[in-house]
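Asks: Sharing input-v6.cif here; it has mmCIF, C-alpha atoms and all ligand atoms.
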data_my_file
loop_
_atom_site.label_atom_id
_atom_site.label_comp_id
_atom_site.auth_asym_id
_atom_site.auth_seq_id
_atom_site.Cartn_x
_atom_site.Cartn_y
_atom_site.Cartn_z
CA MET A 1 27.08 39.14 80.37
CA HIS A 2 25.78 41.82 77.98
CA THR A 3 23.05 44.19 79.15
CA ASP A 4 21.16 44.14 75.88
CA PRO A 5 17.46 45.01 76.22
CA HIS A 6 16.56 42.84 73.20
CA PRO A 7 15.48 39.21 73.67
CA PHE A 8 18.52 37.81 71.90
CA TYR A 9 22.06 38.97 71.20
CA ASN A 10 21.87 39.60 67.48
CA GLY A 11 24.85 39.70 65.14
CA ARG A 12 24.74 43.45 64.60
CA ARG A 13 25.10 44.17 68.32
CA PHE A 14 27.61 41.36 68.79
CA MET A 15 29.85 42.88 66.11
CA GLN A 16 29.32 46.41 67.41
CA ASP A 17 30.42 45.29 70.89
CA ARG A 18 33.40 43.46 69.48
CA TYR A 19 34.65 45.90 66.84
CA GLY A 20 33.14 49.18 68.00
CA ALA A 21 31.40 49.59 64.62
CA PRO A 22 29.47 47.53 62.10
CA ILE A 23 31.70 45.11 60.21
CA TYR A 24 30.73 43.71 56.81
CA ARG A 25 31.80 40.56 55.09
CA VAL A 26 33.61 40.34 51.79
CA ALA A 27 33.00 36.84 50.46
CA ILE A 28 35.96 35.21 48.71
CA ASP A 29 35.88 31.95 46.78
CA LEU A 30 39.21 30.11 46.90
CA GLY A 31 37.87 27.34 44.66
CA PHE A 32 39.08 24.58 47.00
CA GLY A 33 35.98 22.43 46.52
CA CYS A 34 34.68 20.09 49.19
CA PRO A 35 36.03 16.76 50.48
CA ASN A 36 32.52 15.42 50.90
CA ARG A 37 31.92 15.75 47.16
CA ASP A 38 35.32 15.65 45.54
CA GLU A 39 37.39 13.29 47.65
CA ASN A 40 35.25 10.35 48.64
CA GLY A 41 32.69 10.62 45.86
CA ALA A 42 29.84 10.52 48.37
CA GLY A 43 27.97 13.26 46.49
CA GLY A 44 28.01 15.82 49.29
CA CYS A 45 25.51 16.75 51.95
CA THR A 46 21.96 16.07 50.81
CA PHE A 47 20.81 19.68 51.46
CA CYS A 48 23.72 21.39 49.66
CA PRO A 49 23.19 22.96 46.22
CA PRO A 50 25.68 22.21 43.44
CA ASP A 51 27.37 25.63 43.80
CA GLY A 52 28.10 25.12 47.52
CA SER A 53 26.39 28.46 48.44
CA ARG A 54 28.61 30.62 46.27
CA ALA A 55 28.16 34.39 46.78
CA VAL A 56 26.41 36.00 43.81
CA PHE A 57 28.86 38.83 43.17
CA ASN A 58 31.92 36.61 43.44
CA LYS A 59 32.62 36.13 39.76
CA SER A 60 36.33 36.85 39.36
CA ALA A 61 38.83 34.03 39.61
CA ARG A 62 41.77 36.11 40.91
CA ILE A 63 41.69 36.60 44.66
CA ALA A 64 42.85 40.22 44.46
CA ASP A 65 40.02 40.98 42.01
CA GLN A 66 37.46 39.27 44.23
CA VAL A 67 38.65 41.34 47.18
CA ARG A 68 38.52 44.58 45.16
CA GLU A 69 35.04 43.83 43.79
CA GLY A 70 33.78 42.65 47.18
CA VAL A 71 35.09 45.69 49.06
CA THR A 72 33.60 48.04 46.45
CA PHE A 73 30.24 46.22 46.59
CA VAL A 74 30.07 46.32 50.39
CA ARG A 75 31.26 49.95 50.56
CA GLN A 76 28.64 51.09 48.03
CA ARG A 77 25.88 49.15 49.74
CA TYR A 78 26.65 49.90 53.38
CA GLY A 79 29.25 52.68 53.33
CA SER A 80 31.14 50.57 55.86
CA VAL A 81 34.63 51.14 57.12
CA LYS A 82 35.29 47.77 58.79
CA PHE A 83 35.67 44.65 56.73
CA MET A 84 35.88 40.93 57.38
CA ALA A 85 37.29 38.65 54.69
CA TYR A 86 34.96 35.68 54.45
CA VAL A 87 36.10 32.44 52.84
CA GLN A 88 32.66 30.97 52.59
CA THR A 89 32.16 28.74 49.57
CA PHE A 90 32.58 24.97 49.88
CA THR A 91 35.36 24.06 52.37
CA GLY A 92 37.95 26.77 53.11
CA THR A 93 40.62 24.33 54.34
CA PHE A 94 40.37 21.67 51.66
CA ALA A 95 43.86 22.19 50.22
CA PRO A 96 47.44 21.58 51.38
CA ALA A 97 48.46 24.08 54.07
CA ASP A 98 51.03 25.84 51.85
CA GLN A 99 48.37 26.42 49.18
CA GLN A 100 45.96 27.75 51.81
CA LYS A 101 48.73 30.00 53.17
CA ALA A 102 49.44 31.50 49.74
CA CYS A 103 45.72 32.30 49.33
CA TYR A 104 45.39 33.89 52.77
CA GLU A 105 48.55 35.97 52.16
CA GLU A 106 46.98 37.22 48.94
CA ILE A 107 43.73 38.10 50.71
CA LEU A 108 45.47 39.94 53.53
CA SER A 109 47.74 41.89 51.22
CA ALA A 110 44.86 42.93 48.93
CA HIS A 111 43.05 44.98 51.60
CA HIS A 112 43.34 45.98 55.24
CA PHE A 113 40.84 43.59 56.83
CA ASP A 114 39.83 43.76 60.48
CA ALA A 115 39.03 40.05 60.65
CA LEU A 116 39.22 36.86 58.61
CA THR A 117 36.59 34.12 58.69
CA ILE A 118 37.22 30.68 57.23
CA ALA A 119 34.24 28.36 56.81
CA THR A 120 35.03 24.67 56.95
CA ARG A 121 34.02 21.22 58.13
CA PRO A 122 34.90 19.78 61.55
CA ASP A 123 36.81 16.89 59.96
CA CYS A 124 38.87 19.05 57.60
CA ILE A 125 41.29 20.75 60.01
CA ASP A 126 44.54 18.80 60.06
CA ARG A 127 47.73 19.60 62.01
CA PRO A 128 49.39 21.71 59.24
CA THR A 129 46.14 23.71 58.96
CA LEU A 130 46.09 24.26 62.72
CA ASP A 131 49.71 25.49 62.52
CA LEU A 132 48.68 27.87 59.74
CA PHE A 133 45.76 29.11 61.85
CA ALA A 134 48.20 29.76 64.72
CA GLU A 135 50.28 31.94 62.37
CA LEU A 136 47.23 33.79 61.04
CA ARG A 137 45.91 34.28 64.57
CA GLU A 138 49.03 36.34 65.36
CA ARG A 139 48.21 38.73 62.52
CA ILE A 140 44.47 39.09 62.43
CA ASP A 141 41.29 38.37 64.38
CA LEU A 142 40.61 34.87 63.10
CA TRP A 143 37.18 33.21 63.02
CA VAL A 144 36.30 29.70 61.99
CA GLU A 145 32.74 28.90 60.97
CA LEU A 146 32.11 25.20 61.40
CA GLY A 147 29.39 23.24 59.67
CA VAL A 148 28.09 21.26 62.64
CA GLN A 149 24.39 21.09 61.58
CA THR A 150 23.22 18.84 64.45
CA SER A 151 24.62 16.93 67.40
CA HIS A 152 22.80 13.75 66.34
CA ASN A 153 24.87 11.16 64.51
CA THR A 154 21.84 9.40 63.03
CA THR A 155 20.84 12.62 61.31
CA LEU A 156 24.41 13.39 60.24
CA GLN A 157 24.47 10.01 58.58
CA ARG A 158 21.07 10.50 56.96
CA ILE A 159 22.09 13.84 55.42
CA ASN A 160 25.42 12.37 54.33
CA ARG A 161 27.61 14.82 56.24
CA GLY A 162 30.50 12.39 56.43
CA HIS A 163 31.52 13.44 59.97
CA THR A 164 30.25 12.87 63.49
CA TRP A 165 29.30 15.02 66.46
CA ALA A 166 32.56 13.89 68.13
CA ASP A 167 34.46 15.50 65.20
CA SER A 168 32.63 18.77 65.91
CA VAL A 169 33.46 18.66 69.62
CA GLN A 170 37.11 17.93 68.88
CA ALA A 171 37.39 20.75 66.32
CA ILE A 172 35.74 23.26 68.66
CA THR A 173 38.03 22.27 71.53
CA GLN A 174 41.19 22.50 69.42
CA LEU A 175 40.28 25.86 67.90
CA ASN A 176 39.26 27.30 71.24
CA ASN A 177 42.61 26.25 72.75
CA MET A 178 44.25 28.41 70.07
CA GLY A 179 42.14 31.48 70.87
CA ILE A 180 40.21 31.34 67.59
CA THR A 181 36.65 32.64 67.49
CA ILE A 182 34.25 29.82 66.67
CA ALA A 183 30.82 30.12 65.07
CA PRO A 184 29.10 26.78 64.34
CA HIS A 185 26.29 26.48 61.81
CA ILE A 186 23.24 24.42 62.69
CA ILE A 187 20.10 23.52 60.74
CA ILE A 188 16.68 23.33 62.36
CA GLY A 189 14.19 20.99 60.70
CA LEU A 190 16.44 18.28 59.28
CA PRO A 191 14.48 15.17 58.25
CA GLY A 192 14.01 12.70 61.08
CA GLU A 193 14.48 15.37 63.78
CA GLU A 194 11.86 16.62 66.22
CA PRO A 195 11.96 19.71 68.47
CA GLU A 196 13.73 17.75 71.23
CA HIS A 197 16.61 17.07 68.82
CA PHE A 198 17.06 20.81 68.16
CA SER A 199 16.93 21.51 71.91
CA GLN A 200 19.64 18.94 72.54
CA THR A 201 21.88 20.32 69.79
CA ALA A 202 21.51 23.84 71.23
CA SER A 203 22.21 22.73 74.80
CA GLN A 204 25.22 20.67 73.79
CA LEU A 205 26.71 23.50 71.75
CA SER A 206 26.01 26.00 74.49
CA ALA A 207 28.13 23.92 76.85
CA LEU A 208 31.10 24.23 74.47
CA PRO A 209 33.44 27.24 74.07
CA ILE A 210 31.75 28.88 71.09
CA GLN A 211 31.38 32.63 70.70
CA ALA A 212 28.71 32.91 68.00
CA ILE A 213 26.34 30.77 65.97
CA LYS A 214 24.45 30.74 62.68
CA ILE A 215 21.04 29.08 62.80
CA HIS A 216 19.39 28.01 59.56
CA ASN A 217 15.90 26.68 58.92
CA LEU A 218 15.94 23.78 56.48
CA HIS A 219 15.44 24.85 52.88
CA ILE A 220 14.75 22.29 50.18
CA ILE A 221 16.77 23.61 47.25
CA ARG A 222 16.50 22.61 43.60
CA GLY A 223 19.17 20.26 42.34
CA THR A 224 19.96 18.77 45.77
CA GLN A 225 19.67 15.15 46.86
CA MET A 226 17.21 16.34 49.49
CA ALA A 227 14.95 17.76 46.77
CA THR A 228 14.77 14.28 45.21
CA GLU A 229 14.07 12.74 48.61
CA TYR A 230 11.39 15.37 49.32
CA ALA A 231 9.69 14.78 45.96
CA ALA A 232 9.56 11.02 46.57
CA THR A 233 8.42 11.20 50.20
CA PRO A 234 7.54 14.71 51.36
CA PHE A 235 8.37 15.45 54.98
CA PRO A 236 7.28 18.45 57.07
CA VAL A 237 9.14 21.75 56.64
CA TYR A 238 8.52 24.67 58.96
CA ASP A 239 6.36 27.66 58.07
CA GLU A 240 7.42 30.91 59.73
CA HIS A 241 5.11 30.52 62.76
CA ASP A 242 6.13 26.96 63.62
CA TYR A 243 9.75 27.80 62.91
CA ALA A 244 9.62 30.78 65.27
CA GLU A 245 8.40 28.45 68.01
CA VAL A 246 11.27 25.96 67.70
CA LEU A 247 13.78 28.74 67.10
CA ILE A 248 12.74 30.47 70.32
CA ASP A 249 13.30 27.24 72.23
CA THR A 250 16.76 26.96 70.65
CA LEU A 251 17.64 30.57 71.55
CA ARG A 252 16.53 30.01 75.13
CA ARG A 253 19.03 27.16 75.43
CA LEU A 254 22.00 29.14 74.12
CA ARG A 255 24.19 31.12 76.56
CA PRO A 256 23.31 34.82 76.48
CA ASP A 257 26.87 35.81 75.49
CA ILE A 258 26.71 33.81 72.22
CA GLY A 259 26.24 36.13 69.23
CA ILE A 260 23.30 35.02 67.07
CA LEU A 261 24.65 35.86 63.63
CA ARG A 262 21.77 34.37 61.68
CA VAL A 263 18.32 32.98 62.47
CA ASN A 264 17.08 31.87 59.07
CA THR A 265 18.27 30.83 55.63
CA ASP A 266 18.36 32.94 52.47
CA THR A 267 17.77 31.11 49.21
CA PRO A 268 16.95 32.81 45.90
CA LYS A 269 13.23 32.25 45.18
CA GLN A 270 13.86 30.49 41.88
CA GLU A 271 16.01 27.87 43.63
CA LEU A 272 13.73 27.26 46.61
CA ILE A 273 11.24 24.39 46.59
CA ALA A 274 10.06 24.62 50.22
CA PRO A 275 9.15 26.21 52.54
CA ARG A 276 7.51 29.22 50.88
CA TRP A 277 7.17 31.86 53.57
CA HIS A 278 4.92 34.91 53.40
CA MET A 279 7.16 36.95 55.67
CA VAL A 280 10.34 38.52 54.37
CA LYS A 281 13.46 38.41 56.54
CA THR A 282 12.88 41.69 58.38
CA GLN A 283 9.24 40.80 59.08
CA PHE A 284 10.29 37.45 60.48
CA LEU A 285 12.91 39.06 62.73
CA SER A 286 10.43 41.51 64.12
CA TYR A 287 7.81 38.74 64.58
CA LEU A 288 10.39 36.63 66.42
CA GLU A 289 11.37 39.44 68.79
CA LYS A 290 7.73 40.34 69.36
CA GLN A 291 6.87 36.74 70.25
CA MET A 292 9.78 36.54 72.66
CA ARG A 293 8.83 39.81 74.35
CA ALA A 294 5.15 38.85 74.54
CA THR A 295 5.96 35.55 76.22
CA LYS A 296 8.67 37.15 78.38
CA VAL A 297 11.42 34.77 77.32
CA ARG A 298 14.96 35.54 76.25
CA GLN A 299 18.15 33.96 75.01
CA GLY A 300 19.71 31.73 77.64
CA ASP A 301 16.85 31.58 80.11
CA LEU A 302 16.71 27.78 79.75
CA CYS A 303 20.48 27.46 79.62
CA GLY A 304 22.24 25.24 82.16
S1 LIG B 401 27.54 21.68 52.82
FE1 LIG B 401 29.76 21.96 52.74
S2 LIG B 401 30.58 19.92 53.21
FE2 LIG B 401 28.44 19.61 52.58
S3 LIG B 401 28.54 19.20 50.38
FE3 LIG B 401 28.15 21.41 50.67
S4 LIG B 401 30.20 22.33 50.55
FE4 LIG B 401 30.48 20.11 50.96
#
Please express the file's structure as structure tokens.
Ligand code: SF4

Replies:
Amino acid sequence: MHTDPHPFYNGRRFMQDRYGAPIYRVAIDLGFGCPNRDENGAGGCTFCPPDGSRAVFNKSARIADQVREGVTFVRQRYGSVKFMAYVQTFTGTFAPADQQKACYEEILSAHHFDALTIATRPDCIDRPTLDLFAELRERIDLWVELGVQTSHNTTLQRINRGHTWADSVQAITQLNNMGITIAPHIIIGLPGEEPEHFSQTASQLSALPIQAIKIHNLHIIRGTQMATEYAATPFPVYDEHDYAEVLIDTLRRLRPDIGILRVNTDTPKQELIAPRWHMVKTQFLSYLEKQMRATKVRQGDLCG
């Protein structure tokens, strides 16, 4: 267990412990699209904006150009020396394995990366993709970020995820058996969920072999199905104080060795309908830590 004096094991310290230095992400868009929109015509997850969370500086189509621009951007901004290639947009495995392989070869030959992260859905990792992951795992520190969102099937259905909690458990188990680092994404505040739902999701994930996690508060974003739903029948969204309360409960249920890579969502102001917070990200982080210290609680103290 880490001996961190802070109330939770934040991403910066997790990466420092793992890589011996800060590591920064270079987002790469492979243009694979998303099976939940493109394949079954279901229209995608109700919270997801039309651009599938595309990184703002990722304009070039050629992978090598994206890598060059991304590395330059990160180097100028952070002066970093360690880099993680991050296939973030839409679903990073939604293509035949040989097409994925060609893209990953191009990424890895365009720059010396210390790690590669592929973001995908739990139901979009077939056998040829697992074989490809096994190959990549031999060459580079491989992470998979999995869009889990919640452990509750009723909510998964309501937000039109198109997969179940059992799919998430199976994907996590398979990836862990291959020695791949796993970081699920969850959303706190999904419609129809109460604090006990978030607690259950955290406890259930904490019992699985995950190494890190990204926690998002629900954002209602323009152009999404959820924005339409929210306009027709508004439902509660968390302000920063109420969110801190449920987030702290979530953190307390996560094992202390799990790296907390993210605790809230970033959405450009012009795209965000709700919630409108007064605190900026750094203020919220310091408020969160202060609340945890004041109440003498820490990550994992309600775990197990
Ligand atoms: S969140 Fe992911 S799976 Fe859902 S619609 Fe957006 S890109 Fe597709």

Asks: Hey, which of A:Thr117, A:Thr89, A:Gly43, A:Gln170 ends up closest to Arg25 in chain A? Count only C-alpha atoms.

Replies: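 So, comparing all the options, the nearest one is A:Thr117.
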
Asks: Report as a tab-separated table the residues of chain A within 6 Å of ligand LIG 401 (chain B), each with its shortest atom pair and distance in Å (one decimal), using all atoms listed in the file, ordered by chain and increasing residue number.

Replies:
residue	atom	partner	partner_atom	distance
A:Cys34	CA	B:LIG401	FE4	4.6
A:Asn36	CA	B:LIG401	FE4	5.1
A:Arg37	CA	B:LIG401	S3	5.8
A:Gly44	CA	B:LIG401	S3	3.6
A:Cys45	CA	B:LIG401	FE2	4.1
A:Cys48	CA	B:LIG401	FE3	4.5
A:Gly52	CA	B:LIG401	S4	4.6
A:Phe90	CA	B:LIG401	S4	3.6
A:Thr91	CA	B:LIG401	S4	5.7

Asks: Check the smallest atom-to-atom distance from each of A:Ile248, A:Ile215, A:Ile260, A:Leu132 to Lys296 in chain A using all atoms listed in the file, then report the winner.

Replies: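 Using all atoms listed in the file, Lys296 in chain A sits closest to A:Ile248.
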
Asks: Might you pull out every residue within 12 Å of His241 in chain A, with only C-alpha atoms counted and same-chain residues fewer than 5 positions away left off, and present them as an mmCIF file with C-alpha atoms, in the frame of the given file?

Replies:
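Ended up saving to part.cif:
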data_model
loop_
_atom_site.group_PDB
_atom_site.id
_atom_site.type_symbol
_atom_site.label_atom_id
_atom_site.label_comp_id
_atom_site.auth_asym_id
_atom_site.auth_seq_id
_atom_site.Cartn_x
_atom_site.Cartn_y
_atom_site.Cartn_z
ATOM 1 C CA VAL A 246 11.270 25.960 67.700
ATOM 2 C CA LEU A 247 13.780 28.740 67.100
ATOM 3 C CA ILE A 248 12.740 30.470 70.320
ATOM 4 C CA PRO A 275 9.150 26.210 52.540
ATOM 5 C CA TRP A 277 7.170 31.860 53.570
ATOM 6 C CA HIS A 278 4.920 34.910 53.400
ATOM 7 C CA MET A 279 7.160 36.950 55.670
ATOM 8 C CA GLN A 283 9.240 40.800 59.080
ATOM 9 C CA PHE A 284 10.290 37.450 60.480
ATOM 10 C CA LEU A 285 12.910 39.060 62.730
ATOM 11 C CA TYR A 287 7.810 38.740 64.580
ATOM 12 C CA LEU A 288 10.390 36.630 66.420
ATOM 13 C CA GLN A 291 6.870 36.740 70.250
#

Asks: Go through A:Thr265, A:Gln16, A:Gln211, A:Thr201 one by one, measure the shortest atom-to-atom distance of each to Tyr243 in chain A using all atoms listed in the file, and give the residue with the smallest value.

Replies: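 Closest to Tyr243 in chain A of all the choices is A:Thr265.
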
Asks: At a cut-off of 8 Å, using all atoms listed in the file, what residues contact Ile172 in chain A? Leave out same-chain residues fewer than 4 positions from it and give the result as a VMD selection string.

Replies: chain A and resid 122 168 176 182 208 to 210

Asks: Near Gly92 in chain A, within 9 Å and counting all atoms listed in the file, which residues show up once chain neighbours fewer than 3 positions away are dropped, as a ChimeraX atom specification?

Replies: /A:29-34,87-89,95,100,118-121,124

Asks: From (17.1, 30.2, 71.7), in the file's coordinates, out to 9 Å: which residues are reached, counting all atoms listed in the file? Answer as a ChimeraX atom specification.

Replies: /A:8,199,202,246-255,298-302

Asks: Could you jot down the CA of Val74 in chain A to CA of Val26 in chain A separation for me, Å, one decimal place?

Replies: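 Distance reported for this atom pair: 7.1 Å.
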
Asks: Tell me which of A:Gly70, A:Pro128, A:Gly189, A:Pro49 sits closest to Thr267 in chain A, counting only C-alpha atoms.

Replies: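 Under the stated criterion, the closest residue is A:Pro49.
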
Asks: What does the distance from CA of Phe133 in chain A to CA of His185 in chain A come to in Å, to one decimal?

Replies: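 Rounded to one decimal, the two atoms are 19.6 Å apart.
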
Asks: For Pro195 in chain A, which residue among A:Thr228, A:Thr181, A:Asn160, A:Thr150 is the nearest when counting all atoms listed in the file?

Replies: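 Answer, going by the shortest atom-to-atom distance: A:Thr150.
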
Asks: Counting all atoms listed in the file, which residue out of A:Gly259, A:Asp242, A:His219, A:Gln225 sits closest to Arg276 in chain A?

Replies: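 Going through A:Gly259, A:Asp242, A:His219, A:Gln225 one by one, the smallest distance to Arg276 in chain A is for A:His219.
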
Asks: I'd like the interatomic distance between CA of Thr233 in chain A and CA of Leu156 in chain A, to a tenth of an Å.

Replies: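 So the two atoms, CA of Thr233 in chain A and CA of Leu156 in chain A, lie 19.0 Å apart.
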
Asks: Which polymer residues have any atom within 12 Å of an atom of range 77-81 of chain A, counting only C-alpha atoms, with same-chain residues fewer than 5 positions away left out, as a PyMOL selection string?

Replies: chain A and resi 19-26+70-72+111-114

Asks: Within 7 Å of (29.9, 19.6, 68.9) in the file's own coordinates, which protein, DNA or RNA residues have an atom, counting only C-alpha atoms? List them as a ChimeraX atom specification.

Replies: /A:148,151,165-166,168-169,172,204-205

Asks: Can you pull out every residue within 7 Å of Leu190 in chain A, counting only C-alpha atoms, but drop anything in the same chain fewer than 3 positions away, and send it as a PyMOL selection string?

Replies: chain A and resi 187+193+218
